[in-house]
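Inspection log for the structure reproduced underneath, given as structure tokens.
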Amino acid sequence: MKEFKVTPIRNGTVIDHIAMGMAMKVLRIIGVKDDVGSTVSILMHVPSAKAGWKDIVKIEDRELDPKELDRIALVSPNATINIIRDYNVAEKFVVEVPEVVRGIVKCANPGCITNQNEPVETEFAVVEKKPLVLRCHYCDRLLTDVAEHII
Amino acid sequence: MSALGYKSETASRGAAAGQEPRETALYDDRRLPTGAGMTFKGMDVVSIRDFSREQIEHILKIADKMLPAALGEERSILLEGRVLGSLFYEPSTRTRLSFETAMARLGGQTVGFDEPRGSSAQKGETLADTIRMVSQYADALVLRHPQEGAARLAAHFSDKPVINAGDGAGQHPTQTLLDLYTIRKERKSIEGQHIVLVGDLKYGRTVHSLAEALSLFGANLTFVAPATLQMPIETIKHVEANGVKPKTTASLHEAIKEADVLYVTRIQKERFPDPAEYLKVAGSYRIDKELLGSAKPDLVIMHPLPRVGEIAPEVDGTPHAAYFRQAFNGVPVRMAILALVLGGIR
């Protein structure tokens with residue numbers, strides 16, 4: 001029987017402990033699209049000692065900026081980032097929810113001006129981190145189901 | 001005394017009735033009191049939350065100074081040569097007319113539209129582009145828009161001050177300011193007053209802003225509404241954070257006994273899936289002479305207007321009725337705001 005497995009990467013970024021089912025949203029948030037110049041591996045529904053099940057994303061030959069990676073906390077607050085250099089973990093950190101969220105979350109209020117055809121980026125203040133609650137800078141409404149409103 | 005019962009400084013100095021309003025230098029005196037470090041010039045007025053108690057106090061103080069000119073007893077040239085861009089994307093009789101009156105009473109001019117039909121919005125222009133254009137023509141903008149957050153967006157694109165005149169179900173800060181002004185005028189202070197808010201407290205965002213502002217001034221608050229339309233928990237938390245513990249009840253008959261101010265809001269029919277339920281609820285919150293039998297003799301009744309049967313016309317003639325004076329107060333309060341943000345006064 002032929003065995004398939006995802007091999008360790010030599011250089012790049014591994015995003016571990018992503019909440020189950022959120023891997024695709026994580027890629028969208030950090031702006032990794034099909035025009036990426038290296039291999040991207042996505043593991044979904046992986047057994048996890050901590051959380052039961054998790055997702056993992058591996059991006060080869062690319063070290064992502066920690067500030068950009070903090071956006072991941074919006075959909076997966078327990079995710080960890082491993083920067084890999086020559087098969088070794090060179091840096092490791094946990095994501096942190098930023099204070100202000102711009103341009104990656106859509107306001108849940110259909111009456112909000114940002115849901116019209118206006119040339120403006122959405123902007124939210126983080127009101128609470130656990131559980132995550134955002135407040136729209138424009139209409140002032142609170143947003144709780146953040147993962148559902150990723151642009 | 002004016003027909004509204006307000007005594008202006010001019011009247012108290014013995015100006016004869018029917019005398020021509022005199023031009024005054026009162027507002028050319030820029031040395032009016034101002035709090036340390038407070039600058040209103042160029043400031044946007046988007047949400048009442050953007051203002052400190054000290055700033056609100058200052059606006060109310062300036063509104064008082066505006067009273068003689070608001071009543072037409074004095075002429076002001078404070079904003080002579082200044083232009084207000086008035087963008088009303090939905091109709092609003094009171095707000096629009098009181099802004100235009102306020103600007104005219106200060107010697108300024110207003111340009112704009114009172115419905116989107118015929119404006120560039122109908123041709124598909126974004127609000128952002130309209131704002132960028134009008135902010136080149138006018139010295140300040142006043143905006144009424146059906147979309148929530150429209151005023152914040154306008155402030156983002158305008159290099160002139162933007163005054164929010166209501167954005168959909170969102171904020172309406174000048175209404176809150178004129179409500180505070182009215183309570184102070186009618187009751188001498190806000191602090192310690194027992195203020196009962198009744199009606200649709202859940203969906204009316206302006207009533208949330210008012211409750212928050214009243215708590216900032218240390219008023220005692222009671223929220224009267226059926227359970228389904230009661231004040232949202234978020235607003236209650238905000239009020240409590242200001243040190244006020246509000247009471248909530250469904251019984252107006254009980255709450256009215258202790259009230260110094262009764263603030264009535266409209267209960268909207270569309271909030272009820274069952275029309276019979278609406279009639280029952282609306283009927284139980286109707287203010288009439290019979291209900292007022294158990295109220296304090298000096299109770300003040302306020303309503304942002306328009307009313308649709310919440311207050312019986314028989315109440316209009318009682319000393320309790322303050323809602324028409326409240327509507328008038330929109331003029332001096334908006335004069336104060338315009339004068340402050342345009343730098344006509346400090």
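Chain identifiers are assigned as A, B, and so on, following the order in which chains appear in the structure tokens; residues are numbered from 1 within each chain, and ligands are numbered from 1 in order of appearance.
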Query raised in the report: If we count only C-alpha atoms, which residues of chain B reach to within 6 Å of chain A? Please list them as a VMD selection string.
Result: chain B and resid 126 147 to 150 152
Contacts of A:Arg85 within 12 Å, only C-alpha atoms, excl. fewer than 3 positions in-chain, as an mmCIF file with N, CA and C atoms, in the first residue's frame:
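File around.cif, as written:
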data_model
loop_
_atom_site.group_PDB
_atom_site.id
_atom_site.type_symbol
_atom_site.label_atom_id
_atom_site.label_comp_id
_atom_site.auth_asym_id
_atom_site.auth_seq_id
_atom_site.Cartn_x
_atom_site.Cartn_y
_atom_site.Cartn_z
ATOM 1 N N PRO A 8 8.019 17.250 6.137
ATOM 2 C CA PRO A 8 8.462 18.515 6.734
ATOM 3 C C PRO A 8 8.976 19.455 5.641
ATOM 4 N N ILE A 9 8.833 20.752 5.843
ATOM 5 C CA ILE A 9 9.322 21.687 4.836
ATOM 6 C C ILE A 9 10.716 22.165 5.223
ATOM 7 N N ARG A 10 11.477 22.545 4.218
ATOM 8 C CA ARG A 10 12.862 22.978 4.486
ATOM 9 C C ARG A 10 12.884 24.428 4.986
ATOM 10 N N ASN A 11 12.212 25.302 4.218
ATOM 11 C CA ASN A 11 12.136 26.720 4.601
ATOM 12 C C ASN A 11 10.699 27.196 4.406
ATOM 13 N N GLY A 12 10.273 28.089 5.287
ATOM 14 C CA GLY A 12 8.928 28.649 5.107
ATOM 15 C C GLY A 12 8.221 28.857 6.427
ATOM 16 N N THR A 13 6.892 28.821 6.354
ATOM 17 C CA THR A 13 6.074 29.096 7.538
ATOM 18 C C THR A 13 5.078 27.961 7.752
ATOM 19 N N VAL A 14 4.982 27.489 8.981
ATOM 20 C CA VAL A 14 3.961 26.495 9.327
ATOM 21 C C VAL A 14 2.999 27.135 10.323
ATOM 22 N N GLU A 60 5.709 26.947 1.785
ATOM 23 C CA GLU A 60 7.150 26.766 1.575
ATOM 24 C C GLU A 60 7.810 28.018 1.016
ATOM 25 N N ASP A 61 9.046 28.206 1.397
ATOM 26 C CA ASP A 61 9.915 29.277 0.887
ATOM 27 C C ASP A 61 9.349 30.675 1.102
ATOM 28 N N ARG A 62 8.549 30.830 2.139
ATOM 29 C CA ARG A 62 8.027 32.177 2.397
ATOM 30 C C ARG A 62 7.870 32.390 3.903
ATOM 31 N N GLU A 63 8.524 33.408 4.397
ATOM 32 C CA GLU A 63 8.375 33.748 5.813
ATOM 33 C C GLU A 63 7.375 34.889 5.912
ATOM 34 N N ASN A 82 5.185 28.857 13.171
ATOM 35 C CA ASN A 82 6.559 28.361 13.207
ATOM 36 C C ASN A 82 7.263 28.826 11.941
ATOM 37 N N ASN A 88 14.593 23.377 10.588
ATOM 38 C CA ASN A 88 14.479 23.645 12.028
ATOM 39 C C ASN A 88 13.517 24.797 12.299
ATOM 40 N N VAL A 89 12.888 24.728 13.462
ATOM 41 C CA VAL A 89 12.021 25.829 13.873
ATOM 42 C C VAL A 89 12.917 26.972 14.343
ATOM 43 N N ALA A 90 13.008 28.022 13.521
ATOM 44 C CA ALA A 90 13.870 29.151 13.859
ATOM 45 C C ALA A 90 13.163 30.121 14.798
ATOM 46 N N GLU A 91 11.854 30.280 14.590
ATOM 47 C CA GLU A 91 11.074 31.169 15.457
ATOM 48 C C GLU A 91 9.715 30.540 15.669
ATOM 49 N N LYS A 92 9.163 30.769 16.852
ATOM 50 C CA LYS A 92 7.835 30.217 17.141
ATOM 51 C C LYS A 92 7.069 31.228 17.978
#
**Report entry** Residues near stretch 154-157 of chain B, cut-off 10 Å, only C-alpha atoms, skip fewer than 4 positions along chain, as a count of residues only
**Finding:** 23
Which neighbours of stretch 291-302 of chain B fall inside 10 Å, counting only C-alpha atoms, when residues of the same chain fewer than 3 positions from it are skipped, and could you give them as a PDB file with N, CA and C atoms, in the first residue's frame?
ATOM      1  N   ASP B 179     -32.028  67.376  23.506  1.00  0.00           N
ATOM      2  CA  ASP B 179     -32.783  66.740  24.591  1.00  0.00           C
ATOM      3  C   ASP B 179     -32.163  67.106  25.942  1.00  0.00           C
ATOM      4  N   THR B 182     -32.952  70.657  26.705  1.00  0.00           N
ATOM      5  CA  THR B 182     -34.347  70.830  27.125  1.00  0.00           C
ATOM      6  C   THR B 182     -34.535  70.416  28.580  1.00  0.00           C
ATOM      7  N   ILE B 183     -33.952  69.285  28.958  1.00  0.00           N
ATOM      8  CA  ILE B 183     -34.101  68.827  30.346  1.00  0.00           C
ATOM      9  C   ILE B 183     -33.509  69.865  31.293  1.00  0.00           C
ATOM     10  N   GLU B 186     -35.789  72.921  31.365  1.00  0.00           N
ATOM     11  CA  GLU B 186     -37.077  72.695  32.031  1.00  0.00           C
ATOM     12  C   GLU B 186     -36.913  72.377  33.509  1.00  0.00           C
ATOM     13  N   ARG B 187     -35.826  71.683  33.848  1.00  0.00           N
ATOM     14  CA  ARG B 187     -35.673  71.181  35.224  1.00  0.00           C
ATOM     15  C   ARG B 187     -34.494  71.809  35.967  1.00  0.00           C
ATOM     16  N   HIS B 194     -35.133  62.338  38.063  1.00  0.00           N
ATOM     17  CA  HIS B 194     -35.615  60.989  37.770  1.00  0.00           C
ATOM     18  C   HIS B 194     -36.224  61.002  36.370  1.00  0.00           C
ATOM     19  N   ILE B 195     -35.537  60.368  35.455  1.00  0.00           N
ATOM     20  CA  ILE B 195     -35.958  60.423  34.055  1.00  0.00           C
ATOM     21  C   ILE B 195     -36.441  59.051  33.595  1.00  0.00           C
ATOM     22  N   VAL B 196     -37.676  59.028  33.111  1.00  0.00           N
ATOM     23  CA  VAL B 196     -38.290  57.780  32.660  1.00  0.00           C
ATOM     24  C   VAL B 196     -38.331  57.785  31.133  1.00  0.00           C
ATOM     25  N   LEU B 197     -37.705  56.781  30.535  1.00  0.00           N
ATOM     26  CA  LEU B 197     -37.752  56.647  29.075  1.00  0.00           C
ATOM     27  C   LEU B 197     -38.767  55.550  28.753  1.00  0.00           C
ATOM     28  N   LEU B 252     -45.873  51.512  33.045  1.00  0.00           N
ATOM     29  CA  LEU B 252     -45.767  52.967  33.023  1.00  0.00           C
ATOM     30  C   LEU B 252     -46.519  53.575  34.210  1.00  0.00           C
ATOM     31  N   HIS B 253     -47.633  52.937  34.585  1.00  0.00           N
ATOM     32  CA  HIS B 253     -48.451  53.445  35.695  1.00  0.00           C
ATOM     33  C   HIS B 253     -47.637  53.550  36.982  1.00  0.00           C
ATOM     34  N   GLU B 254     -46.758  52.590  37.179  1.00  0.00           N
ATOM     35  CA  GLU B 254     -45.913  52.608  38.375  1.00  0.00           C
ATOM     36  C   GLU B 254     -44.799  53.643  38.232  1.00  0.00           C
ATOM     37  N   ALA B 255     -44.143  53.602  37.077  1.00  0.00           N
ATOM     38  CA  ALA B 255     -42.947  54.438  36.874  1.00  0.00           C
ATOM     39  C   ALA B 255     -43.268  55.927  36.871  1.00  0.00           C
ATOM     40  N   ILE B 256     -44.449  56.282  36.392  1.00  0.00           N
ATOM     41  CA  ILE B 256     -44.763  57.714  36.209  1.00  0.00           C
ATOM     42  C   ILE B 256     -44.869  58.462  37.540  1.00  0.00           C
ATOM     43  N   LYS B 257     -45.170  57.722  38.608  1.00  0.00           N
ATOM     44  CA  LYS B 257     -45.357  58.369  39.927  1.00  0.00           C
ATOM     45  C   LYS B 257     -44.094  59.098  40.399  1.00  0.00           C
ATOM     46  N   GLU B 258     -42.941  58.532  40.107  1.00  0.00           N
ATOM     47  CA  GLU B 258     -41.682  59.105  40.598  1.00  0.00           C
ATOM     48  C   GLU B 258     -41.000  60.032  39.588  1.00  0.00           C
ATOM     49  N   ALA B 259     -41.556  60.088  38.362  1.00  0.00           N
ATOM     50  CA  ALA B 259     -40.824  60.743  37.271  1.00  0.00           C
ATOM     51  C   ALA B 259     -40.783  62.265  37.385  1.00  0.00           C
ATOM     52  N   ASP B 260     -39.593  62.836  37.103  1.00  0.00           N
ATOM     53  CA  ASP B 260     -39.472  64.280  36.920  1.00  0.00           C
ATOM     54  C   ASP B 260     -39.591  64.614  35.432  1.00  0.00           C
ATOM     55  N   VAL B 261     -39.069  63.688  34.616  1.00  0.00           N
ATOM     56  CA  VAL B 261     -39.142  63.847  33.161  1.00  0.00           C
ATOM     57  C   VAL B 261     -39.619  62.529  32.568  1.00  0.00           C
ATOM     58  N   LEU B 262     -40.607  62.623  31.685  1.00  0.00           N
ATOM     59  CA  LEU B 262     -41.077  61.430  30.967  1.00  0.00           C
ATOM     60  C   LEU B 262     -40.711  61.626  29.503  1.00  0.00           C
ATOM     61  N   TYR B 263     -39.792  60.785  29.004  1.00  0.00           N
ATOM     62  CA  TYR B 263     -39.350  60.912  27.614  1.00  0.00           C
ATOM     63  C   TYR B 263     -40.036  59.804  26.811  1.00  0.00           C
ATOM     64  N   VAL B 264     -40.932  60.212  25.924  1.00  0.00           N
ATOM     65  CA  VAL B 264     -41.770  59.253  25.194  1.00  0.00           C
ATOM     66  C   VAL B 264     -41.218  59.036  23.792  1.00  0.00           C
ATOM     67  N   THR B 265     -41.106  57.774  23.379  1.00  0.00           N
ATOM     68  CA  THR B 265     -40.703  57.502  21.990  1.00  0.00           C
ATOM     69  C   THR B 265     -41.779  56.668  21.312  1.00  0.00           C
ATOM     70  N   TYR B 285     -49.196  52.249  26.631  1.00  0.00           N
ATOM     71  CA  TYR B 285     -48.201  53.304  26.840  1.00  0.00           C
ATOM     72  C   TYR B 285     -48.680  54.669  26.353  1.00  0.00           C
ATOM     73  N   ARG B 286     -49.978  54.801  26.157  1.00  0.00           N
ATOM     74  CA  ARG B 286     -50.510  56.085  25.697  1.00  0.00           C
ATOM     75  C   ARG B 286     -50.597  57.051  26.883  1.00  0.00           C
ATOM     76  N   ILE B 287     -50.088  58.272  26.641  1.00  0.00           N
ATOM     77  CA  ILE B 287     -50.084  59.275  27.711  1.00  0.00           C
ATOM     78  C   ILE B 287     -51.346  60.128  27.568  1.00  0.00           C
ATOM     79  N   ASP B 288     -52.191  60.110  28.571  1.00  0.00           N
ATOM     80  CA  ASP B 288     -53.371  60.982  28.555  1.00  0.00           C
ATOM     81  C   ASP B 288     -53.568  61.590  29.937  1.00  0.00           C
ATOM     82  N   LEU B 305     -40.730  63.802  18.508  1.00  0.00           N
ATOM     83  CA  LEU B 305     -41.649  64.091  17.407  1.00  0.00           C
ATOM     84  C   LEU B 305     -41.122  63.528  16.071  1.00  0.00           C
ATOM     85  N   ILE B 311     -49.045  60.390  22.607  1.00  0.00           N
ATOM     86  CA  ILE B 311     -49.465  61.411  23.568  1.00  0.00           C
ATOM     87  C   ILE B 311     -50.789  61.999  23.067  1.00  0.00           C
ATOM     88  N   VAL B 315     -53.170  66.472  26.203  1.00  0.00           N
ATOM     89  CA  VAL B 315     -52.011  66.743  27.065  1.00  0.00           C
ATOM     90  C   VAL B 315     -51.305  68.046  26.638  1.00  0.00           C
ATOM     91  N   ASP B 316     -51.481  68.416  25.359  1.00  0.00           N
ATOM     92  CA  ASP B 316     -50.754  69.573  24.802  1.00  0.00           C
ATOM     93  C   ASP B 316     -50.965  70.847  25.617  1.00  0.00           C
ATOM     94  N   THR B 318     -51.548  71.109  28.806  1.00  0.00           N
ATOM     95  CA  THR B 318     -51.155  71.006  30.212  1.00  0.00           C
ATOM     96  C   THR B 318     -49.742  71.561  30.402  1.00  0.00           C
ATOM     97  N   PRO B 319     -49.407  71.963  31.614  1.00  0.00           N
ATOM     98  CA  PRO B 319     -48.038  72.475  31.841  1.00  0.00           C
ATOM     99  C   PRO B 319     -46.971  71.394  31.670  1.00  0.00           C
ATOM    100  N   HIS B 320     -47.388  70.133  31.631  1.00  0.00           N
ATOM    101  CA  HIS B 320     -46.429  69.034  31.466  1.00  0.00           C
ATOM    102  C   HIS B 320     -45.788  69.021  30.076  1.00  0.00           C
ATOM    103  N   ALA B 321     -46.551  69.475  29.069  1.00  0.00           N
ATOM    104  CA  ALA B 321     -46.125  69.294  27.669  1.00  0.00           C
ATOM    105  C   ALA B 321     -44.939  70.186  27.328  1.00  0.00           C
ATOM    106  N   ALA B 322     -43.784  69.570  27.102  1.00  0.00           N
ATOM    107  CA  ALA B 322     -42.583  70.350  26.769  1.00  0.00           C
ATOM    108  C   ALA B 322     -42.116  70.043  25.353  1.00  0.00           C
ATOM    109  N   TYR B 323     -42.838  69.188  24.629  1.00  0.00           N
ATOM    110  CA  TYR B 323     -42.301  68.689  23.347  1.00  0.00           C
ATOM    111  C   TYR B 323     -42.198  69.739  22.249  1.00  0.00           C
ATOM    112  N   PHE B 324     -43.047  70.760  22.289  1.00  0.00           N
ATOM    113  CA  PHE B 324     -42.897  71.781  21.249  1.00  0.00           C
ATOM    114  C   PHE B 324     -41.736  72.722  21.590  1.00  0.00           C
ATOM    115  N   ARG B 325     -41.567  72.975  22.883  1.00  0.00           N
ATOM    116  CA  ARG B 325     -40.390  73.766  23.297  1.00  0.00           C
ATOM    117  C   ARG B 325     -39.118  72.987  22.965  1.00  0.00           C
ATOM    118  N   GLN B 326     -39.199  71.669  23.157  1.00  0.00           N
ATOM    119  CA  GLN B 326     -38.067  70.781  22.843  1.00  0.00           C
ATOM    120  C   GLN B 326     -37.708  70.915  21.352  1.00  0.00           C
ATOM    121  N   ALA B 327     -38.737  70.921  20.497  1.00  0.00           N
ATOM    122  CA  ALA B 327     -38.485  71.047  19.056  1.00  0.00           C
ATOM    123  C   ALA B 327     -37.835  72.399  18.750  1.00  0.00           C
TER     124      ALA B 327
END
Query raised in the report: Could you name the residues that touch B:Glu115 at 8 Å or less, counting only C-alpha atoms, but leaving out those on the same chain fewer than 6 positions away, as a list in words?
Result: Phe88, Tyr89, Glu90 and Pro91 of chain B
Identify, on the basis of only C-alpha atoms, every residue whose closest approach to stretch 224-236 of chain B does not exceed 9 Å; exclude the query and any residue fewer than 3 positions from it along the same chain; express the result as a short mmCIF file (atom, residue, chain, number, x, y, z; two decimals) with C-alpha atoms, in the first residue's frame.
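Result file out_35.cif:
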data_model
loop_
_atom_site.label_atom_id
_atom_site.label_comp_id
_atom_site.auth_asym_id
_atom_site.auth_seq_id
_atom_site.Cartn_x
_atom_site.Cartn_y
_atom_site.Cartn_z
CA VAL B 196 -38.29 57.78 32.66
CA LEU B 197 -37.75 56.65 29.08
CA VAL B 198 -40.78 54.89 27.61
CA GLY B 199 -41.59 53.23 24.29
CA ASP B 200 -39.43 51.30 21.85
CA LEU B 201 -36.18 51.24 23.76
CA LYS B 202 -34.72 48.29 21.89
CA TYR B 203 -34.48 49.54 18.33
CA VAL B 207 -32.77 56.64 22.88
CA HIS B 208 -29.65 54.54 23.59
CA SER B 209 -27.45 57.59 23.04
CA ALA B 211 -29.64 57.10 28.07
CA GLU B 212 -25.83 56.98 27.88
CA VAL B 239 -25.13 53.32 31.77
CA GLU B 240 -23.94 51.25 34.75
CA ALA B 241 -20.32 51.97 33.85
CA LYS B 245 -28.17 51.73 38.17
CA PRO B 246 -31.24 51.94 35.93
CA LYS B 247 -34.60 50.35 36.76
CA THR B 248 -36.45 48.42 34.10
CA THR B 249 -40.19 47.79 34.16
CA ALA B 250 -43.12 47.19 31.84
CA SER B 251 -45.49 49.30 33.93
CA LEU B 252 -45.77 52.97 33.02
CA ALA B 255 -42.95 54.44 36.87
CA ILE B 267 -43.55 52.31 19.20
CA ARG B 271 -41.84 45.62 15.26
CA VAL B 281 -48.87 47.46 23.74
CA TYR B 285 -48.20 53.30 26.84
#
Report task. Can you check which residues of chain A DSSP gives as helix (DSSP H, G or I) on the backbone and send them as a ChimeraX atom specification? Result -> /A:23-29,66-74,113-115,146-149
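Residue neighbourhood of A:Glu148, excluding near-sequence residues (fewer than 5 positions): Lys25, Val75, Val105, Lys106 and Ala108 of chain A, at 10 Å, using only C-alpha atoms.
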Can I get the selection written as a PDB file, in the first residue's frame, with C-alpha atoms?
ATOM      1  CA  LYS A  25     -10.131  31.125   5.800  1.00  0.00           C
ATOM      2  CA  VAL A  75     -10.643  33.009  13.095  1.00  0.00           C
ATOM      3  CA  VAL A 105     -13.933  41.557   7.968  1.00  0.00           C
ATOM      4  CA  LYS A 106     -17.279  42.588   6.531  1.00  0.00           C
ATOM      5  CA  ALA A 108     -22.762  42.081   9.622  1.00  0.00           C
TER       6      ALA A 108
END
Closest pair table for stretch 169-245 of chain B residues within 12 Å of stretch 59-74 of chain B, only C-alpha atoms, as a tab-separated table:
residue	atom	partner	partner_atom	distance
B:Thr174	CA	B:Ile59	CA	10.5
B:Thr176	CA	B:Leu60	CA	11.3
B:Leu177	CA	B:Leu60	CA	7.6
B:Leu178	CA	B:Leu60	CA	8.3
B:Asp179	CA	B:Leu60	CA	10.4
B:Leu180	CA	B:Leu60	CA	8.1
B:Tyr181	CA	B:Leu60	CA	5.9
B:Thr182	CA	B:Leu60	CA	9.6
B:Ile183	CA	B:Leu60	CA	10.9
B:Arg184	CA	B:Leu60	CA	8.8
B:Lys185	CA	B:Asp64	CA	9.1
B:Ser189	CA	B:Leu60	CA	11.6
B:Ile190	CA	B:Leu60	CA	11.9
Restrict the selected residues to N, CA and C atoms and save them as a CSV table (one decimal), in the first residue's frame.
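Output below, filename again-v1.csv:
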chain,number,residue,atom,x,y,z
B,174,THR,N,-27.2,65.6,17.5
B,174,THR,CA,-27.7,66.9,17.8
B,174,THR,C,-29.1,66.7,18.5
B,176,THR,N,-29.7,64.3,20.7
B,176,THR,CA,-29.3,64.1,22.1
B,176,THR,C,-29.0,65.4,22.8
B,177,LEU,N,-28.2,66.2,22.1
B,177,LEU,CA,-27.8,67.5,22.7
B,177,LEU,C,-29.0,68.4,23.0
B,178,LEU,N,-30.0,68.4,22.0
B,178,LEU,CA,-31.1,69.3,22.3
B,178,LEU,C,-32.0,68.7,23.4
B,179,ASP,N,-32.0,67.4,23.5
B,179,ASP,CA,-32.8,66.7,24.6
B,179,ASP,C,-32.2,67.1,25.9
B,180,LEU,N,-30.8,67.0,26.0
B,180,LEU,CA,-30.2,67.4,27.3
B,180,LEU,C,-30.4,68.9,27.6
B,181,TYR,N,-30.3,69.7,26.6
B,181,TYR,CA,-30.6,71.1,26.7
B,181,TYR,C,-32.0,71.4,27.3
B,182,THR,N,-33.0,70.7,26.7
B,182,THR,CA,-34.3,70.8,27.1
B,182,THR,C,-34.5,70.4,28.6
B,183,ILE,N,-34.0,69.3,29.0
B,183,ILE,CA,-34.1,68.8,30.3
B,183,ILE,C,-33.5,69.9,31.3
B,184,ARG,N,-32.3,70.4,30.9
B,184,ARG,CA,-31.7,71.4,31.8
B,184,ARG,C,-32.5,72.6,31.9
B,185,LYS,N,-33.1,73.0,30.7
B,185,LYS,CA,-33.9,74.2,30.7
B,185,LYS,C,-35.2,74.1,31.5
B,189,SER,N,-31.5,71.3,36.1
B,189,SER,CA,-30.3,70.5,36.1
B,189,SER,C,-30.7,69.1,35.5
B,190,ILE,N,-29.7,68.3,35.3
B,190,ILE,CA,-29.9,66.9,34.8
B,190,ILE,C,-29.6,66.0,35.9
**Report entry** Residues of stretch 107-256 of chain B in strand (DSSP E), written as a PyMOL selection string
**Finding:** chain B and resi 109-113+140-145+162-167+194-198+220-224+247-249
Query raised in the report: Taking only C-alpha atoms into account, which of B:Phe328, B:Thr39, B:Asp114, B:Arg105 comes nearest B:Ile77?
Result: B:Arg105
Query raised in the report: Could you state the separation of atom CA of A:Leu74 and atom CA of A:Ala23 in Å, given to one decimal place?
Result: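 So the two atoms, atom CA of A:Leu74 and atom CA of A:Ala23, lie 12.4 Å apart.
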Report summary line: What separates atom CA of B:Met335 and atom CA of B:Met103 is a distance of 6.6 Å
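Here atom CA of B:Ile337 and atom CA of B:Pro304 stand 18.7 Å from one another.
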Report task. For each of A:Leu143, A:Ala125, A:Met20, A:Val6, take the minimum atom-to-atom distance to A:Pro98, counting only C-alpha atoms, then give the residue where this is smallest. Result ->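 Looking only at the distances to A:Pro98, the closest residue turns out to be A:Ala125.
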